[in-house]
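K.L.:
The file below is work_12.txt, compact mmCIF, C-alpha atoms and all ligand atoms:
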```
# COMPACT_ATOMS: atom_id res chain seq x y z
CA MET A 1 164.73 -190.96 5.85
CA LYS A 2 164.56 -191.25 2.08
CA ASN A 3 163.52 -187.99 0.43
CA THR A 4 160.80 -188.27 -2.20
CA VAL A 5 158.83 -185.96 -4.46
CA SER A 6 156.39 -185.58 -1.51
CA THR A 7 159.26 -184.35 0.69
CA PHE A 8 159.97 -181.65 -1.90
CA GLN A 9 156.30 -180.60 -1.96
CA LYS A 10 156.03 -180.56 1.85
CA MET A 11 159.21 -178.51 2.16
CA LYS A 12 157.81 -175.94 -0.27
CA GLU A 13 154.54 -175.78 1.67
CA ASN A 14 156.40 -175.39 4.99
CA GLY A 15 158.81 -172.79 3.62
CA GLU A 16 161.80 -175.08 4.25
CA LYS A 17 164.68 -174.58 1.83
CA ILE A 18 165.78 -177.52 -0.33
CA SER A 19 169.53 -178.07 -0.72
CA MET A 20 170.79 -179.81 -3.84
CA LEU A 21 174.31 -180.45 -5.11
CA THR A 22 175.62 -182.27 -8.13
CA ALA A 23 177.56 -185.52 -7.76
CA TYR A 24 178.74 -187.98 -10.38
CA ASP A 25 180.14 -190.98 -8.52
CA TYR A 26 179.56 -193.32 -5.56
CA SER A 27 182.02 -192.00 -2.97
CA THR A 28 181.13 -188.34 -3.48
CA ALA A 29 177.40 -189.11 -3.38
CA LYS A 30 177.90 -191.06 -0.15
CA LEU A 31 179.79 -188.14 1.46
CA PHE A 32 177.13 -185.59 0.47
CA ASP A 33 174.32 -187.91 1.55
CA GLU A 34 175.96 -188.39 4.96
CA ALA A 35 176.29 -184.58 5.21
CA GLY A 36 172.51 -184.32 4.93
CA ILE A 37 172.00 -182.98 1.41
CA HIS A 38 168.31 -183.22 0.44
CA SER A 39 168.86 -184.02 -3.20
CA ILE A 40 171.68 -184.96 -5.56
CA LEU A 41 171.65 -183.95 -9.21
CA VAL A 42 173.64 -186.09 -11.62
CA GLY A 43 173.97 -183.11 -13.94
CA ASP A 44 175.05 -183.30 -17.54
CA SER A 45 177.60 -180.76 -16.29
CA LEU A 46 179.55 -184.00 -15.82
CA GLY A 47 180.56 -183.53 -19.46
CA MET A 48 182.52 -180.46 -18.40
CA VAL A 49 183.66 -181.13 -14.83
CA MET A 50 184.22 -184.91 -15.06
CA LEU A 51 184.94 -185.54 -18.74
CA GLY A 52 186.64 -182.28 -19.73
CA TYR A 53 184.41 -181.20 -22.62
CA ASP A 54 183.88 -177.46 -23.23
CA THR A 55 180.07 -177.80 -23.16
CA THR A 56 177.41 -180.36 -22.17
CA ILE A 57 176.56 -181.06 -25.83
CA PRO A 58 178.64 -184.28 -26.27
CA VAL A 59 177.20 -186.05 -23.18
CA THR A 60 175.37 -189.30 -23.98
CA VAL A 61 172.56 -191.27 -22.33
CA GLU A 62 175.19 -193.97 -21.61
CA ASP A 63 177.36 -191.40 -19.76
CA MET A 64 174.37 -190.34 -17.64
CA ILE A 65 173.46 -193.95 -16.83
CA HIS A 66 177.04 -194.89 -15.95
CA HIS A 67 177.40 -192.00 -13.48
CA GLY A 68 173.75 -191.98 -12.37
CA ALA A 69 173.80 -195.61 -11.24
CA ALA A 70 176.97 -194.99 -9.21
CA VAL A 71 175.40 -191.99 -7.45
CA VAL A 72 172.22 -193.91 -6.64
CA ARG A 73 174.32 -196.63 -4.97
CA GLY A 74 175.92 -193.96 -2.75
CA ALA A 75 172.80 -191.94 -1.88
CA LYS A 76 170.75 -193.44 0.93
CA ASN A 77 168.46 -190.49 1.73
CA ALA A 78 169.01 -187.89 -0.96
CA LEU A 79 166.54 -187.76 -3.84
CA VAL A 80 168.59 -188.48 -6.97
CA VAL A 81 167.76 -186.63 -10.18
CA VAL A 82 169.52 -187.58 -13.44
CA ASP A 83 169.81 -185.11 -16.32
CA MET A 84 168.57 -186.09 -19.77
CA PRO A 85 171.45 -185.18 -22.11
CA PHE A 86 171.32 -183.16 -25.34
CA MET A 87 169.27 -184.85 -28.09
CA SER A 88 167.86 -187.55 -25.80
CA TYR A 89 164.45 -185.78 -25.67
CA GLN A 90 164.48 -182.84 -28.12
CA THR A 91 164.01 -185.17 -31.11
CA SER A 92 160.49 -186.36 -30.16
CA VAL A 93 158.08 -187.07 -27.32
CA TYR A 94 158.61 -190.77 -28.06
CA ASP A 95 162.40 -190.49 -27.68
CA ALA A 96 161.91 -188.51 -24.47
CA VAL A 97 159.84 -191.28 -22.87
CA VAL A 98 162.14 -194.07 -24.11
CA ASN A 99 165.29 -192.35 -22.85
CA ALA A 100 163.74 -191.25 -19.54
CA GLY A 101 162.65 -194.86 -19.09
CA ARG A 102 166.12 -196.20 -19.83
CA ILE A 103 167.67 -193.77 -17.35
CA MET A 104 165.17 -194.77 -14.65
CA LYS A 105 165.52 -198.53 -15.23
CA GLU A 106 169.30 -198.56 -15.49
CA THR A 107 170.10 -196.11 -12.66
CA GLU A 108 167.14 -196.57 -10.28
CA ALA A 109 167.12 -192.80 -9.72
CA THR A 110 163.91 -191.10 -8.57
CA ALA A 111 163.56 -188.48 -11.29
CA VAL A 112 164.93 -187.06 -14.52
CA LYS A 113 165.58 -183.43 -15.45
CA LEU A 114 165.34 -181.82 -18.86
CA GLU A 115 165.87 -178.30 -20.19
CA GLY A 116 163.23 -176.05 -21.69
CA GLY A 117 159.86 -174.36 -21.10
CA LYS A 118 156.71 -174.48 -23.23
CA ASP A 119 158.54 -176.23 -26.06
CA VAL A 120 159.16 -179.35 -23.96
CA CYS A 121 155.81 -179.47 -22.15
CA PRO A 122 154.50 -182.32 -24.35
CA HIS A 123 157.67 -184.26 -23.46
CA ILE A 124 157.29 -183.54 -19.72
CA GLU A 125 153.63 -184.57 -19.84
CA ALA A 126 154.39 -187.87 -21.57
CA ILE A 127 157.24 -188.75 -19.19
CA VAL A 128 155.10 -187.92 -16.15
CA LYS A 129 152.29 -190.04 -17.62
CA ALA A 130 154.76 -192.93 -17.63
CA SER A 131 155.09 -192.39 -13.83
CA ILE A 132 158.55 -190.84 -14.07
CA PRO A 133 158.91 -187.67 -11.96
CA VAL A 134 160.37 -184.74 -13.89
CA VAL A 135 162.37 -181.69 -12.83
CA ALA A 136 162.21 -178.89 -15.41
CA HIS A 137 165.09 -176.45 -16.04
CA ILE A 138 164.60 -172.94 -17.44
CA GLY A 139 166.58 -169.71 -17.72
CA LEU A 140 170.14 -170.42 -18.82
CA THR A 141 169.79 -173.88 -20.31
CA PRO A 142 173.37 -174.93 -21.18
CA GLN A 143 172.32 -177.41 -23.89
CA SER A 144 171.20 -174.33 -25.89
CA VAL A 145 174.61 -172.63 -25.58
CA ASN A 146 175.04 -172.51 -29.35
CA ALA A 147 171.57 -171.02 -29.88
CA PHE A 148 172.11 -168.46 -27.07
CA GLY A 149 175.56 -167.48 -28.39
CA GLY A 150 177.26 -168.19 -25.05
CA PHE A 151 176.47 -168.67 -21.37
CA LYS A 152 174.53 -165.54 -20.24
CA VAL A 153 171.89 -164.39 -17.79
CA GLN A 154 168.35 -164.95 -19.10
CA GLY A 155 165.08 -163.04 -18.63
CA LYS A 156 166.42 -159.49 -18.28
CA SER A 157 164.14 -157.72 -20.76
CA GLU A 158 160.41 -157.31 -20.12
CA GLU A 159 159.62 -159.73 -22.92
CA ALA A 160 162.14 -162.33 -21.74
CA ALA A 161 160.98 -162.01 -18.11
CA LYS A 162 157.36 -162.57 -19.16
CA LYS A 163 158.35 -165.59 -21.25
CA LEU A 164 160.32 -167.09 -18.34
CA LEU A 165 157.33 -166.75 -15.99
CA GLU A 166 155.08 -168.31 -18.64
CA ASP A 167 157.55 -171.16 -19.11
CA ALA A 168 157.65 -171.78 -15.34
CA LEU A 169 153.86 -171.95 -15.11
CA ALA A 170 153.74 -174.16 -18.22
CA VAL A 171 156.19 -176.77 -16.93
CA GLU A 172 154.28 -176.87 -13.63
CA ALA A 173 151.02 -177.41 -15.52
CA ALA A 174 152.72 -180.13 -17.59
CA GLY A 175 153.43 -182.03 -14.36
CA ALA A 176 157.01 -181.20 -13.37
CA PHE A 177 157.44 -181.58 -9.58
CA ALA A 178 160.21 -178.97 -9.37
CA VAL A 179 161.96 -176.52 -11.65
CA VAL A 180 165.56 -175.33 -11.77
CA LEU A 181 166.01 -171.59 -12.45
CA GLU A 182 169.51 -170.96 -13.78
CA CYS A 183 171.01 -167.47 -14.08
CA VAL A 184 167.77 -165.56 -13.63
CA PRO A 185 167.64 -162.07 -12.03
CA ALA A 186 166.90 -162.51 -8.31
CA LYS A 187 163.68 -160.49 -8.24
CA LEU A 188 162.26 -162.39 -11.20
CA ALA A 189 163.23 -165.70 -9.56
CA LYS A 190 161.46 -164.57 -6.35
CA LEU A 191 158.31 -163.74 -8.32
CA ILE A 192 158.40 -167.08 -10.14
CA SER A 193 158.97 -168.99 -6.86
CA GLU A 194 155.94 -167.25 -5.33
CA LYS A 195 153.70 -167.94 -8.32
CA LEU A 196 154.56 -171.65 -8.44
CA ARG A 197 153.09 -174.40 -6.26
CA ILE A 198 156.11 -176.61 -7.03
CA PRO A 199 159.55 -175.75 -5.60
CA ALA A 200 161.89 -173.58 -7.68
CA ILE A 201 165.53 -174.54 -7.18
CA GLY A 202 167.87 -171.69 -8.02
CA ILE A 203 171.42 -171.49 -9.32
CA GLY A 204 172.46 -167.89 -9.87
CA ALA A 205 168.86 -166.95 -9.09
CA GLY A 206 169.06 -165.34 -5.63
CA ALA A 207 168.06 -166.35 -2.11
CA ASP A 208 164.29 -166.28 -2.52
CA CYS A 209 164.00 -169.52 -4.48
CA ASP A 210 162.63 -172.56 -2.63
CA GLY A 211 166.02 -174.25 -2.81
CA GLN A 212 169.53 -173.94 -4.18
CA VAL A 213 171.74 -176.11 -6.38
CA LEU A 214 175.46 -175.82 -7.18
CA VAL A 215 177.99 -177.85 -9.11
CA TYR A 216 180.12 -179.35 -6.35
CA GLN A 217 183.48 -178.72 -8.02
CA ASP A 218 182.54 -175.02 -8.09
CA MET A 219 181.56 -174.83 -4.41
CA LEU A 220 184.60 -176.83 -3.27
CA ASN A 221 187.14 -174.96 -5.43
CA MET A 222 188.07 -177.98 -7.52
CA TYR A 223 187.46 -176.71 -11.04
CA GLY A 224 189.96 -174.47 -12.74
CA ASP A 225 190.42 -170.74 -12.40
CA PHE A 226 187.03 -169.50 -13.60
CA VAL A 227 184.53 -169.00 -10.77
CA PRO A 228 181.04 -167.94 -11.93
CA LYS A 229 179.55 -164.88 -10.16
CA PHE A 230 176.86 -166.97 -8.46
CA VAL A 231 179.27 -169.47 -6.88
CA LYS A 232 180.39 -169.34 -3.27
CA GLN A 233 183.32 -171.56 -2.40
CA PHE A 234 182.26 -173.29 0.81
CA GLY A 235 185.40 -175.38 0.93
CA ASN A 236 188.87 -175.57 -0.52
CA ALA A 237 189.09 -179.22 -1.57
CA GLY A 238 191.04 -178.51 -4.77
CA PRO A 239 194.12 -177.00 -3.07
CA VAL A 240 193.81 -179.50 -0.19
CA MET A 241 193.94 -182.41 -2.67
CA LYS A 242 196.79 -180.84 -4.63
CA GLU A 243 198.85 -180.34 -1.47
CA ALA A 244 198.25 -183.93 -0.33
CA VAL A 245 199.39 -185.24 -3.73
CA GLN A 246 202.51 -183.05 -3.61
CA GLU A 247 203.35 -184.52 -0.20
CA TYR A 248 202.78 -188.05 -1.49
CA VAL A 249 205.04 -187.47 -4.50
CA LYS A 250 207.72 -186.10 -2.18
CA ALA A 251 207.39 -188.96 0.35
CA VAL A 252 207.60 -191.60 -2.38
CA GLY A 253 210.61 -189.86 -3.90
CA GLU A 254 212.40 -189.66 -0.56
CA GLY A 255 211.45 -193.20 0.42
CA THR A 256 209.71 -191.98 3.61
CA PHE A 257 206.49 -193.70 2.55
CA PRO A 258 205.50 -196.46 3.20
CA GLU A 259 206.56 -196.81 6.83
CA GLU A 260 206.73 -199.95 9.00
CA GLN A 261 203.05 -199.71 9.99
CA HIS A 262 201.97 -199.73 6.33
CA THR A 263 203.76 -202.97 5.48
CA PHE A 264 203.08 -206.73 5.77
CA ALA A 265 205.48 -208.99 7.69
CA ILE A 266 206.92 -212.41 6.82
CA ASN A 267 209.24 -214.79 8.74
CA ASP A 268 212.90 -213.83 8.19
CA ASP A 269 214.06 -217.48 7.62
CA ILE A 270 211.74 -217.83 4.63
CA ILE A 271 213.37 -214.80 3.03
CA GLU A 272 216.94 -215.95 3.96
CA LYS A 273 216.37 -219.28 2.18
CA LEU A 274 215.36 -217.45 -0.97
CA TYR A 275 218.49 -215.28 -1.13
O1 LIG A 301 174.10 -180.14 -15.12
C1 LIG A 301 174.00 -179.48 -14.07
O2 LIG A 301 174.87 -179.52 -13.17
C2 LIG A 301 172.79 -178.66 -13.88
C3 LIG A 301 172.79 -177.71 -12.73
C4 LIG A 301 173.74 -176.60 -12.95
C5 LIG A 301 171.42 -177.23 -12.43
O3 LIG A 301 171.89 -178.77 -14.66
NA NA A 302 172.35 -179.90 -16.55
```
Show me, as structure tokens, the structure contained in the file I just sent.

P.N.:
Amino acid sequence: MKNTVSTFQKMKENGEKISMLTAYDYSTAKLFDEAGIHSILVGDSLGMVMLGYDTTIPVTVEDMIHHGAAVVRGAKNALVVVDMPFMSYQTSVYDAVVNAGRIMKETEATAVKLEGGKDVCPHIEAIVKASIPVVAHIGLTPQSVNAFGGFKVQGKSEEAAKKLLEDALAVEAAGAFAVVLECVPAKLAKLISEKLRIPAIGIGAGADCDGQVLVYQDMLNMYGDFVPKFVKQFGNAGPVMKEAVQEYVKAVGEGTFPEEQHTFAINDDIIEKLY
């Protein structure tokens, strides 16, 4: 059954945990959907894990649409959320609505996600007014990496914790139907989850959130040597893929692939005449 914003709300009310993973292409989305994931996030993390940038800053609306549309084609049941990239909404409420609209029309996703608390509430409100569901994202917001001075845990001081709670309540009031909490101390994330009527989806925010999200290359061990503290590797796809490719290279080199069963036949006399 297709998951919708109502599914998210019902799951929160019933205390059922929401599982979300990123995906950026058709075949991966199809696999995750078949595995029963509730929601797929086409994160702007694609700039790093798919395109090889150091940050999410260079990602464009076109990038998000290109990958978002592919994911939507692969996701039958999962609710697909597409990230709004850096500078596609910060510039004005008008730009936010125009770009959210483009993403929705050109990907046919169910929702968009954008980073920020109180500062982006007018943007969230306007997008929601245009009938586009919005997921908010607070805590460590990677598009602000240059303003933060690096990727670090947010909300540790009393002042920062209070601001994070206020931001969570503000984005809910602005109409967001869910909020991502990234790199937030677990007890603060628990408090925020309890205070909110909408589901809080955590990444590096402890087990008491209403759901969890991870970047799939992190949880399948496919992305480099650095593993963030909050990541658990549920699978070992990176080494499995590498080993398969090594075997392929070897088999091609030795001429042991392809074998008879991988080849197409033709009548011998046709070939003899051509010699
Ligand atoms: O871009 C992304 O993958 C995200 C998640 C880490 C929440 O925003
Ligand atoms: Na993101």

K.L.:
Please extract the residues at most 7 Å from ligand NA 302 (chain A), counting all atoms listed in the file, and provide them as an MDAnalysis selection string, using the chain letters and residue numbers of this document.

P.N.:
chainID A and resid 43:45 83 142

K.L.:
Between A:Ile192, A:Val135, A:Thr141, A:Thr91, which residue has the minimum interatomic distance to Lys162 in chain A, considering all atoms listed in the file?

P.N.:
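Looking at the shortest contact to Lys162 in chain A, the residue is A:Ile192.
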
K.L.:
Would you mind listing, for every residue of chain A within 10 Å of ligand LIG 301 (chain A), the two atoms forming the shortest contact and the distance between them in Å to one decimal, using only C-alpha atoms and all ligand atoms, sorted by chain and ascending residue number, as a Markdown table?

P.N.:
```
| residue | atom | partner | partner_atom | distance |
| --- | --- | --- | --- | --- |
| A:Met20 | CA | A:LIG301 | C5 | 9.0 |
| A:Leu21 | CA | A:LIG301 | O2 | 8.1 |
| A:Thr22 | CA | A:LIG301 | O2 | 5.8 |
| A:Ala23 | CA | A:LIG301 | O2 | 8.5 |
| A:Tyr24 | CA | A:LIG301 | O2 | 9.7 |
| A:Ile40 | CA | A:LIG301 | O2 | 9.9 |
| A:Leu41 | CA | A:LIG301 | O2 | 6.8 |
| A:Val42 | CA | A:LIG301 | O2 | 6.9 |
| A:Gly43 | CA | A:LIG301 | O1 | 3.2 |
| A:Asp44 | CA | A:LIG301 | O1 | 4.1 |
| A:Ser45 | CA | A:LIG301 | O1 | 3.7 |
| A:Leu46 | CA | A:LIG301 | O1 | 6.7 |
| A:Gly47 | CA | A:LIG301 | O1 | 8.5 |
| A:Met48 | CA | A:LIG301 | O1 | 9.0 |
| A:Val49 | CA | A:LIG301 | O2 | 9.1 |
| A:Thr56 | CA | A:LIG301 | O1 | 7.8 |
| A:Val81 | CA | A:LIG301 | O3 | 9.9 |
| A:Val82 | CA | A:LIG301 | O1 | 8.9 |
| A:Asp83 | CA | A:LIG301 | O1 | 6.7 |
| A:Met84 | CA | A:LIG301 | O1 | 9.4 |
| A:Pro85 | CA | A:LIG301 | O1 | 9.0 |
| A:Lys113 | CA | A:LIG301 | O3 | 7.9 |
| A:Leu114 | CA | A:LIG301 | O3 | 8.4 |
| A:Glu115 | CA | A:LIG301 | O3 | 8.2 |
| A:Ala136 | CA | A:LIG301 | O3 | 9.7 |
| A:His137 | CA | A:LIG301 | O3 | 7.3 |
| A:Ile138 | CA | A:LIG301 | C5 | 9.5 |
| A:Leu140 | CA | A:LIG301 | C4 | 9.3 |
| A:Thr141 | CA | A:LIG301 | O3 | 7.8 |
| A:Pro142 | CA | A:LIG301 | O3 | 7.7 |
| A:Gln143 | CA | A:LIG301 | O3 | 9.3 |
| A:Val179 | CA | A:LIG301 | C5 | 9.5 |
| A:Val180 | CA | A:LIG301 | C5 | 6.2 |
| A:Leu181 | CA | A:LIG301 | C5 | 7.8 |
| A:Glu182 | CA | A:LIG301 | C5 | 6.7 |
| A:Cys183 | CA | A:LIG301 | C4 | 9.6 |
| A:Ile201 | CA | A:LIG301 | C5 | 8.3 |
| A:Gly202 | CA | A:LIG301 | C5 | 7.9 |
| A:Ile203 | CA | A:LIG301 | C5 | 6.5 |
| A:Gly204 | CA | A:LIG301 | C4 | 9.3 |
| A:Gln212 | CA | A:LIG301 | C5 | 9.1 |
| A:Val213 | CA | A:LIG301 | C5 | 6.2 |
| A:Leu214 | CA | A:LIG301 | C4 | 6.1 |
| A:Val215 | CA | A:LIG301 | O2 | 5.4 |
| A:Tyr216 | CA | A:LIG301 | O2 | 8.6 |
```

K.L.:
Please list, as a PDB file with C-alpha atoms, in the coordinates of the input, the residues that have an atom at most 10 Å away from (173.6, -196.6, -2.0) in the coordinates of this file, counting only C-alpha atoms.

P.N.:
```
ATOM      1  CA  TYR A  26     179.560-193.320  -5.560  1.00  0.00           C
ATOM      2  CA  SER A  27     182.020-192.000  -2.970  1.00  0.00           C
ATOM      3  CA  ALA A  29     177.400-189.110  -3.380  1.00  0.00           C
ATOM      4  CA  LYS A  30     177.900-191.060  -0.150  1.00  0.00           C
ATOM      5  CA  ASP A  33     174.320-187.910   1.550  1.00  0.00           C
ATOM      6  CA  ALA A  69     173.800-195.610 -11.240  1.00  0.00           C
ATOM      7  CA  ALA A  70     176.970-194.990  -9.210  1.00  0.00           C
ATOM      8  CA  VAL A  71     175.400-191.990  -7.450  1.00  0.00           C
ATOM      9  CA  VAL A  72     172.220-193.910  -6.640  1.00  0.00           C
ATOM     10  CA  ARG A  73     174.320-196.630  -4.970  1.00  0.00           C
ATOM     11  CA  GLY A  74     175.920-193.960  -2.750  1.00  0.00           C
ATOM     12  CA  ALA A  75     172.800-191.940  -1.880  1.00  0.00           C
ATOM     13  CA  LYS A  76     170.750-193.440   0.930  1.00  0.00           C
ATOM     14  CA  ASN A  77     168.460-190.490   1.730  1.00  0.00           C
ATOM     15  CA  ALA A  78     169.010-187.890  -0.960  1.00  0.00           C
TER      16      ALA A  78
END
```

K.L.:
What does the distance between CA of Gly175 in chain A and CA of Ile124 in chain A come to in Å, to one decimal place?

P.N.:
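Result for CA of Gly175 in chain A versus CA of Ile124 in chain A: 6.8 Å, one decimal.
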
K.L.:
Set out as a tab-separated table a contact list for range 91-116 of chain A and range 62-66 of chain A with a cut-off of 7 Å, giving each residue of range 91-116 of chain A that qualifies its closest atom pair and distance in Å to one decimal, counting only C-alpha atoms, ordered by chain and rising residue number.

P.N.:
```
residue	atom	partner	partner_atom	distance
A:Ile103	CA	A:Ile65	CA	5.8
A:Glu106	CA	A:Ile65	CA	6.4
A:Thr107	CA	A:Ile65	CA	5.8
```

K.L.:
For CA of Val184 in chain A and CA of Lys156 in chain A, quote the distance in Å rounded to one decimal.

P.N.:
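Going from CA of Val184 in chain A over to CA of Lys156 in chain A, I get 7.8 Å.
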
K.L.:
In terms of the shortest atom-to-atom distance over all atoms listed in the file, which of A:Gly224, A:Pro122, A:Gly52, A:Pro133 is closest to Ala100 in chain A?

P.N.:
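Answer, going by the shortest atom-to-atom distance: A:Pro133.
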
K.L.:
Just give me the gap between CA of Glu260 in chain A and CA of Glu243 in chain A in Å, one decimal is fine.

P.N.:
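That distance, rounded to one decimal, is 23.6 Å.
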
K.L.:
Quick one: of A:Val249, A:Val93, A:Leu51, A:Ala265, who's nearest to Cys121 in chain A, counting all atoms listed in the file?

P.N.:
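Nearest candidate to Cys121 in chain A out of A:Val249, A:Val93, A:Leu51, A:Ala265: A:Val93.
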